[in-house]
Amino acid sequence: MFKYVGDISNIAHNIINTYCEGREVAVDCTLGNGFDCDFLSERFSKVYAFDIQKEAVERYSQKNKLNVLLIEDSHDNLDSYISEGIDVAMYNLGFLPGGDKSITTKSESSVKSIEKSLELLKSGGFITIAVYTGHEEGQRESEAIHKFVTTLPKSIFGVMIHSFANRDSKAPYLIIIEKK
Ligand SMILES: C[S@@+](CC[C@H](N)C(=O)[O-])C[C@H]1O[C@@H](n2cnc3c(N)ncnc32)[C@H](O)[C@@H]1O
């Protein structure tokens with residue numbers, strides 16, 4: 001087991017834990033099994049959590065977390081639910097492990113959602129995007145997101161990509177965006 005060079009979700013958690021100073025509002029843009037949501041709910045005063053799958057939202061609602069607002073809708077509609085500034089948005093793209101692989105995040109809605117998150121992001125805030133290219137839509141999505149994040153103005157946003165150098169080209173990777 002690697003301590004650092006392993007799971008990209010853990011790397012995202014470590015970065016948020018270490019560098020994100022504002023601990024008020026977080027958004028989990030892909031709730032799924034709720035691991036990221038648990039992480040965020042333990043550290044932020046309020047967490048908005050989106051998933052298009054009813055089962056994911058219903059399952060998480062059983063945890064009765066008072067600071068988590070569960071939203072059964074696509075993350076590209078986040079501006080219909082959130083009007084305040086956010087400190088963090090997490091994206092863990094793709095499909096639910098062990099679930100229906102046809103219910104996956106999609107290029108267009110993911111880029112639209114990231115664009116909207118960036119507008120809400122407070123100064124000093126972070127967006128983490130775990131990208132999975134091992135399936136067809138994931139490959140398209142990866143290309144669309146890469147194209148979008150590389151055009152972000154460097155005077156406002158720092159963008160880094162953490163990828164494995166010695167794994168095959170389909171290995172997942174992590175994009176980190178920090179707002180100045
Ligand atoms: C890889 S899983 C997320 C894993 C999750 N963060 C966790 O900690 O378990 C991706 C999730 O994104 C959800 N999803 C797909 N398209 C979506 C969309 N447009 N808006 C919100 N969630 C979406 C899927 O239903 C799936 O549950």
# chains A, B, ... in the order shown; residues from 1 in each chain; ligands from 1
$ closest_atom_pairs --of "chain A" --to "ligand 1" --cutoff "8 Å" --atoms "only C-alpha atoms and all ligand atoms" --output "Markdown table"
| residue | atom | partner | partner_atom_place_in_ligand_line | distance |
| --- | --- | --- | --- | --- |
| A:Asp28 | CA | ligand 1 | 6 (N) | 7.0 |
| A:Cys29 | CA | ligand 1 | 21 (C) | 5.7 |
| A:Thr30 | CA | ligand 1 | 12 (O) | 4.1 |
| A:Leu31 | CA | ligand 1 | 6 (N) | 4.7 |
| A:Gly32 | CA | ligand 1 | 27 (O) | 3.3 |
| A:Asn33 | CA | ligand 1 | 9 (O) | 3.5 |
| A:Gly34 | CA | ligand 1 | 8 (O) | 4.3 |
| A:Phe35 | CA | ligand 1 | 8 (O) | 3.5 |
| A:Asp36 | CA | ligand 1 | 8 (O) | 4.1 |
| A:Cys37 | CA | ligand 1 | 8 (O) | 6.3 |
| A:Asp38 | CA | ligand 1 | 8 (O) | 8.0 |
| A:Phe50 | CA | ligand 1 | 21 (C) | 5.0 |
| A:Asp51 | CA | ligand 1 | 22 (N) | 3.5 |
| A:Ile52 | CA | ligand 1 | 22 (N) | 4.8 |
| A:Gln53 | CA | ligand 1 | 25 (O) | 4.9 |
| A:Ala56 | CA | ligand 1 | 27 (O) | 6.3 |
| A:Glu72 | CA | ligand 1 | 21 (C) | 7.8 |
| A:Asp73 | CA | ligand 1 | 20 (N) | 6.1 |
| A:Ser74 | CA | ligand 1 | 20 (N) | 3.4 |
| A:His75 | CA | ligand 1 | 20 (N) | 4.0 |
| A:Asp76 | CA | ligand 1 | 19 (N) | 6.5 |
| A:Met90 | CA | ligand 1 | 6 (N) | 7.8 |
| A:Tyr91 | CA | ligand 1 | 6 (N) | 6.8 |
| A:Asn92 | CA | ligand 1 | 3 (C) | 4.9 |
| A:Leu93 | CA | ligand 1 | 1 (C) | 4.9 |
| A:Gly94 | CA | ligand 1 | 1 (C) | 4.8 |
| A:Phe95 | CA | ligand 1 | 10 (C) | 4.4 |
| A:Leu96 | CA | ligand 1 | 2 (S) | 4.1 |
| A:Pro97 | CA | ligand 1 | 1 (C) | 6.4 |
| A:Ile103 | CA | ligand 1 | 25 (O) | 5.7 |
| A:Thr104 | CA | ligand 1 | 15 (C) | 4.4 |
| A:Thr105 | CA | ligand 1 | 16 (N) | 3.6 |
| A:Lys106 | CA | ligand 1 | 16 (N) | 6.5 |
| A:Ser109 | CA | ligand 1 | 19 (N) | 6.0 |
| A:Ser110 | CA | ligand 1 | 19 (N) | 6.7 |
$ residues_around --residues "A:Val149" --least-positions-apart "4" --cutoff "10 Å" --atoms "only C-alpha atoms" --output "list of chain:residue names"
A:Val111, A:Ile114, A:Glu115, A:Ala144, A:Ile145, A:Pro153, A:Phe157, A:Gly158, A:Val159, A:Met160, A:Ile175, A:Ile176, A:Ile177
$ write_last_selection --atoms "all heavy atoms" --output "CSV table (one decimal), in the first residue's frame"
chain,number,residue,atom,x,y,z
A,111,VAL,N,-18.7,19.8,-17.5
A,111,VAL,CA,-18.0,21.1,-17.7
A,111,VAL,C,-18.9,22.3,-17.3
A,111,VAL,O,-18.4,23.2,-16.6
A,111,VAL,CB,-17.6,21.2,-19.2
A,111,VAL,CG1,-17.1,22.6,-19.5
A,111,VAL,CG2,-16.6,20.2,-19.6
A,114,ILE,N,-18.7,22.5,-13.5
A,114,ILE,CA,-17.5,23.0,-13.0
A,114,ILE,C,-17.4,24.5,-13.2
A,114,ILE,O,-17.0,25.3,-12.3
A,114,ILE,CB,-16.3,22.3,-13.7
A,114,ILE,CG1,-16.3,20.8,-13.3
A,114,ILE,CG2,-14.9,23.0,-13.4
A,114,ILE,CD1,-15.4,19.9,-14.2
A,115,GLU,N,-17.9,25.0,-14.4
A,115,GLU,CA,-17.9,26.4,-14.7
A,115,GLU,C,-18.8,27.1,-13.6
A,115,GLU,O,-18.3,28.2,-13.1
A,115,GLU,CB,-18.6,26.6,-16.1
A,115,GLU,CG,-18.0,27.6,-16.9
A,115,GLU,CD,-18.5,27.5,-18.3
A,115,GLU,OE1,-19.1,26.5,-18.7
A,115,GLU,OE2,-18.4,28.5,-19.1
A,144,ALA,N,-12.9,16.9,-22.6
A,144,ALA,CA,-13.6,18.2,-22.5
A,144,ALA,C,-13.2,19.0,-21.3
A,144,ALA,O,-13.0,20.2,-21.4
A,144,ALA,CB,-15.1,17.8,-22.5
A,145,ILE,N,-13.0,18.3,-20.2
A,145,ILE,CA,-12.6,19.0,-18.9
A,145,ILE,C,-11.2,19.5,-19.1
A,145,ILE,O,-10.9,20.7,-18.7
A,145,ILE,CB,-12.8,18.0,-17.7
A,145,ILE,CG1,-14.3,17.7,-17.5
A,145,ILE,CG2,-12.2,18.7,-16.5
A,145,ILE,CD1,-14.5,16.7,-16.4
A,153,PRO,N,-8.0,31.5,-16.6
A,153,PRO,CA,-7.0,32.6,-16.5
A,153,PRO,C,-6.1,32.3,-15.3
A,153,PRO,O,-6.5,32.2,-14.2
A,153,PRO,CB,-7.9,33.8,-16.3
A,153,PRO,CG,-9.2,33.4,-15.9
A,153,PRO,CD,-9.4,32.0,-16.4
A,157,PHE,N,-6.8,31.6,-11.3
A,157,PHE,CA,-6.9,30.2,-10.9
A,157,PHE,C,-5.6,29.5,-11.1
A,157,PHE,O,-4.9,29.7,-12.2
A,157,PHE,CB,-7.9,29.4,-11.8
A,157,PHE,CG,-9.3,30.0,-11.6
A,157,PHE,CD1,-10.0,30.7,-12.6
A,157,PHE,CD2,-10.1,29.7,-10.4
A,157,PHE,CE1,-11.2,31.2,-12.4
A,157,PHE,CE2,-11.3,30.2,-10.3
A,157,PHE,CZ,-11.9,30.9,-11.3
A,158,GLY,N,-5.2,28.7,-10.1
A,158,GLY,CA,-4.1,27.8,-10.3
A,158,GLY,C,-4.7,26.4,-10.6
A,158,GLY,O,-5.6,26.0,-9.9
A,159,VAL,N,-4.1,25.8,-11.6
A,159,VAL,CA,-4.7,24.4,-12.0
A,159,VAL,C,-3.5,23.4,-12.0
A,159,VAL,O,-2.5,23.7,-12.7
A,159,VAL,CB,-5.3,24.5,-13.4
A,159,VAL,CG1,-6.0,23.1,-13.7
A,159,VAL,CG2,-6.4,25.6,-13.4
A,160,MET,N,-3.6,22.3,-11.3
A,160,MET,CA,-2.6,21.3,-11.3
A,160,MET,C,-3.3,20.0,-11.6
A,160,MET,O,-4.4,19.7,-11.2
A,160,MET,CB,-1.9,21.2,-10.0
A,160,MET,CG,-0.8,22.2,-9.8
A,160,MET,SD,0.3,21.8,-8.5
A,160,MET,CE,1.6,20.9,-9.3
A,175,ILE,N,-7.6,16.5,-10.9
A,175,ILE,CA,-7.3,17.9,-11.2
A,175,ILE,C,-7.7,18.8,-10.0
A,175,ILE,O,-8.7,18.5,-9.3
A,175,ILE,CB,-8.3,18.4,-12.4
A,175,ILE,CG1,-8.0,17.5,-13.6
A,175,ILE,CG2,-8.1,19.9,-12.7
A,175,ILE,CD1,-9.0,17.8,-14.8
A,176,ILE,N,-6.8,19.7,-9.7
A,176,ILE,CA,-7.0,20.6,-8.5
A,176,ILE,C,-7.0,22.0,-9.0
A,176,ILE,O,-6.1,22.4,-9.8
A,176,ILE,CB,-5.8,20.5,-7.5
A,176,ILE,CG1,-5.5,19.1,-7.1
A,176,ILE,CG2,-6.0,21.4,-6.3
A,176,ILE,CD1,-6.5,18.5,-6.2
A,177,ILE,N,-8.1,22.7,-8.7
A,177,ILE,CA,-8.1,24.1,-9.1
A,177,ILE,C,-8.2,24.9,-7.8
A,177,ILE,O,-9.0,24.6,-6.9
A,177,ILE,CB,-9.4,24.4,-9.9
A,177,ILE,CG1,-9.5,23.5,-11.1
A,177,ILE,CG2,-9.4,25.9,-10.3
A,177,ILE,CD1,-10.8,23.6,-11.9
$ atom_distance --atom1 "atom CA of A:Lys46" --atom2 "atom CA of A:Ala130"
21.8 Å
$ select_by_dssp --residues "stretch 32-149 of chain A" --states "strand (DSSP E)" --output "short mmCIF file (atom, residue, chain, number, x, y, z; two decimals) with C-alpha atoms, in the first residue's frame"
data_model
loop_
_atom_site.label_atom_id
_atom_site.label_comp_id
_atom_site.auth_asym_id
_atom_site.auth_seq_id
_atom_site.Cartn_x
_atom_site.Cartn_y
_atom_site.Cartn_z
CA LYS A 46 -22.73 23.06 5.51
CA VAL A 47 -22.50 20.55 2.66
CA TYR A 48 -24.64 20.48 -0.47
CA ALA A 49 -24.60 16.99 -2.03
CA PHE A 50 -25.87 16.19 -5.52
CA VAL A 68 -25.84 17.92 4.68
CA LEU A 69 -28.42 19.13 2.18
CA LEU A 70 -29.15 16.27 -0.20
CA ILE A 71 -30.24 17.20 -3.71
CA ILE A 86 -18.46 28.01 -1.56
CA ASP A 87 -15.11 26.97 -0.09
CA VAL A 88 -14.83 23.60 -1.83
CA ALA A 89 -16.45 21.58 -4.59
CA MET A 90 -15.55 17.93 -5.05
CA TYR A 91 -16.17 15.93 -8.23
CA ASN A 92 -15.62 12.19 -8.28
CA LEU A 121 -15.90 29.57 -5.42
CA LYS A 122 -14.57 31.94 -2.76
CA SER A 123 -11.07 33.32 -2.88
CA GLY A 124 -8.78 30.66 -1.36
CA GLY A 125 -11.22 27.90 -2.28
CA PHE A 126 -10.54 24.59 -4.04
CA ILE A 127 -12.20 22.39 -6.62
CA THR A 128 -11.04 18.79 -6.89
CA ILE A 129 -11.96 16.64 -9.88
CA ALA A 130 -11.22 12.90 -9.92
CA VAL A 131 -11.32 11.83 -13.57
#
$ decode --residues "stretch 164-180 of chain A" --atoms "N, CA and C atoms" --output "short mmCIF file (atom, residue, chain, number, x, y, z; two decimals), in the first residue's frame"
data_model
loop_
_atom_site.label_atom_id
_atom_site.label_comp_id
_atom_site.auth_asym_id
_atom_site.auth_seq_id
_atom_site.Cartn_x
_atom_site.Cartn_y
_atom_site.Cartn_z
N PHE A 164 -0.57 9.52 -12.66
CA PHE A 164 0.44 8.48 -12.44
C PHE A 164 1.37 8.42 -13.65
N ALA A 165 2.67 8.48 -13.39
CA ALA A 165 3.63 8.47 -14.50
C ALA A 165 3.95 7.05 -14.95
N ASN A 166 3.76 6.06 -14.07
CA ASN A 166 4.18 4.70 -14.42
C ASN A 166 2.99 3.72 -14.43
N ARG A 167 1.79 4.28 -14.68
CA ARG A 167 0.65 3.38 -14.90
C ARG A 167 0.12 3.62 -16.29
N ASP A 168 -0.78 2.78 -16.77
CA ASP A 168 -1.21 2.96 -18.16
C ASP A 168 -2.01 4.24 -18.32
N SER A 169 -2.21 4.63 -19.57
CA SER A 169 -2.79 5.95 -19.86
C SER A 169 -4.25 6.06 -19.40
N LYS A 170 -4.85 4.93 -19.04
CA LYS A 170 -6.25 4.95 -18.61
C LYS A 170 -6.39 5.06 -17.08
N ALA A 171 -5.29 5.23 -16.39
CA ALA A 171 -5.35 5.35 -14.92
C ALA A 171 -6.08 6.65 -14.56
N PRO A 172 -6.83 6.63 -13.45
CA PRO A 172 -7.52 7.85 -13.04
C PRO A 172 -6.53 8.95 -12.68
N TYR A 173 -6.97 10.18 -12.79
CA TYR A 173 -6.11 11.29 -12.39
C TYR A 173 -6.93 12.37 -11.70
N LEU A 174 -6.22 13.29 -11.08
CA LEU A 174 -6.88 14.29 -10.24
C LEU A 174 -6.53 15.70 -10.71
N ILE A 175 -7.58 16.51 -10.88
CA ILE A 175 -7.35 17.93 -11.22
C ILE A 175 -7.66 18.75 -9.98
N ILE A 176 -6.76 19.67 -9.66
CA ILE A 176 -6.97 20.57 -8.52
C ILE A 176 -7.01 22.00 -9.05
N ILE A 177 -8.06 22.70 -8.69
CA ILE A 177 -8.14 24.13 -9.06
C ILE A 177 -8.20 24.93 -7.77
N GLU A 178 -7.33 25.90 -7.66
CA GLU A 178 -7.33 26.79 -6.48
C GLU A 178 -7.61 28.21 -6.96
N LYS A 179 -8.50 28.89 -6.26
CA LYS A 179 -8.79 30.29 -6.65
C LYS A 179 -7.96 31.23 -5.79
N LYS A 180 -7.31 32.15 -6.42
CA LYS A 180 -6.43 33.10 -5.71
C LYS A 180 -7.19 33.91 -4.68
#
